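Engineer: Below you'll find the structure I mean.
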Amino acid sequence: MKLGVFGGSFNPPHYAHFEIAKRLIEQGIVEKVAFVPVGDFYKKNDLIHSSHRLAMLKMYADQEKQIEISELELHKERQNYMFETLDELKSLDPTVEISLVIGSDNLLDLLNWKRYAYLIQNYSIIVISRNDLDDLKYIEQNFPAYAKQFVIVQNPFEADISSKKIRQLIREQQRVDSYLLKEVYDYILKNK
């Protein structure tokens with residue numbers, strides 16, 4: 001089985017996250033996508049507790065059979081490095097073919113990741129591209145020996161959307177319901 005692993009804070013999860021997962025499945029790049037939310041040890045401003053992020057992710061996953069949520073990083077006493085997370089997922093089922101799903105922004109930072117060379121050597125990397133970045137050129141310049149490990153997929157969500165932008169709009173009491181599942185939006189309002 002081909003599994004796409006999509007890690008992130010999902011603070012909050014939004015339509016673009018799930019449109020990306022559905023696109024990867026529809027195009028046959030992967031058969032399933034596992035969302036892996038970071039644990040509470042992750043150093044990020046405005047990070048809400050993992051119980052809330054997990055609850056919101058499950059609202060999306062409940063609508064898609066081929067999307068699952070992994071709690072792997074949520075129960076650690078420290079933040080996992082991505083290579084550790086992928087190795088642990090692989091150890092659960094050695095027959096699974098794992099690909100890491102990242103955005104262009106993470107591609108630009110990949111050289112700073114712990115054991116990035118090991119990661120690229122052992123797992124394929126699916127890059128969700130944005131129009132303003134030349135991902136292929138960046139890959140060829142920075143990872144020439146491993147260029148075949150990368151798959152570039154155009155972002156299916158046309159709007160410029162991010163969890164950070166959604167949090168800002170909520171603080172400004174602007175509408176965000178077009179970016180979020182209704183149940184997620186209601187959950188955010190109810191739990192402040």
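By convention in this document, the chains of the structure tokens carry letters A, B, ... by their order, each chain's residues are numbered from 1, and ligands are numbered from 1 in the order they are shown.
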Select from chain A everything DSSP, run on the backbone, classes as helix (DSSP H, G or I), then give the selection as an MDAnalysis selection string.

Structural biologist: chainID A and resid 15:26 50:61 82:92 104:112 116:122 135:142 144:149 163:171 182:191

Engineer: What's the 10 Å shell around Asp46 of chain A, counting only C-alpha atoms, without same-chain residues fewer than 5 positions away, as an NGL selection string?

Structural biologist: :A and (11 or 164 or 167)

Engineer: Selection from above, N, CA, C and O atoms, as a tab-separated table (two decimals), in the first residue's frame, can you write it?

Structural biologist:
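result-v3.tsv was written with the following content:
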chain	number	residue	atom	x	y	z
A	11	ASN	N	-3.56	23.72	12.90
A	11	ASN	CA	-3.93	24.65	13.96
A	11	ASN	C	-4.67	25.87	13.40
A	11	ASN	O	-4.13	26.96	13.48
A	164	LYS	N	-2.48	29.96	9.87
A	164	LYS	CA	-2.12	31.25	10.48
A	164	LYS	C	-3.08	32.34	10.02
A	164	LYS	O	-3.56	33.14	10.83
A	167	ARG	N	-6.47	31.88	11.71
A	167	ARG	CA	-6.46	32.33	13.11
A	167	ARG	C	-6.55	33.86	13.18
A	167	ARG	O	-7.27	34.40	14.02

Engineer: Taking only C-alpha atoms into account, produce a table as CSV in which each residue of segment 72-171 of chain A with an atom at most 12 Å from an atom of segment 23-38 of chain A appears once, together with its shortest atom pair and the distance in Å to one decimal, ordered by chain and rising number.

Structural biologist:
residue,atom,partner,partner_atom,distance
A:Leu72,CA,A:Val36,CA,7.0
A:Glu73,CA,A:Val38,CA,5.6
A:Leu74,CA,A:Val38,CA,6.3
A:His75,CA,A:Val38,CA,9.7
A:Lys76,CA,A:Val38,CA,9.7
A:Glu77,CA,A:Val38,CA,11.8
A:Arg78,CA,A:Val38,CA,10.2
A:Gln79,CA,A:Val38,CA,7.4
A:Asn80,CA,A:Val38,CA,8.2
A:Tyr81,CA,A:Val38,CA,10.0
A:Met82,CA,A:Val38,CA,10.0
A:Thr85,CA,A:Val36,CA,8.8
A:Leu86,CA,A:Val36,CA,10.1
A:Leu89,CA,A:Ala34,CA,10.0
A:Val96,CA,A:Glu31,CA,10.4
A:Glu97,CA,A:Val30,CA,8.9
A:Ile98,CA,A:Val30,CA,8.7
A:Ser99,CA,A:Val30,CA,8.0
A:Leu100,CA,A:Val33,CA,9.7
A:Val101,CA,A:Val33,CA,9.0
A:Ile102,CA,A:Phe35,CA,11.5
A:Ser124,CA,A:Ile29,CA,11.0
A:Ile125,CA,A:Ile29,CA,11.2
A:Ile126,CA,A:Ile29,CA,8.9
A:Val127,CA,A:Leu24,CA,10.8
A:Ile128,CA,A:Leu24,CA,9.8
A:Phe150,CA,A:Ile29,CA,11.8
A:Val151,CA,A:Ile29,CA,8.9
A:Ile152,CA,A:Ile29,CA,10.5
A:Val153,CA,A:Leu24,CA,8.1
A:Gln154,CA,A:Arg23,CA,9.4
A:Asn155,CA,A:Arg23,CA,8.8
A:Pro156,CA,A:Arg23,CA,7.1
A:Phe157,CA,A:Arg23,CA,10.0

Engineer: What is the atom CA of Gly8 of chain A to atom CA of Glu140 of chain A distance in Å?

Structural biologist: 25.3 Å
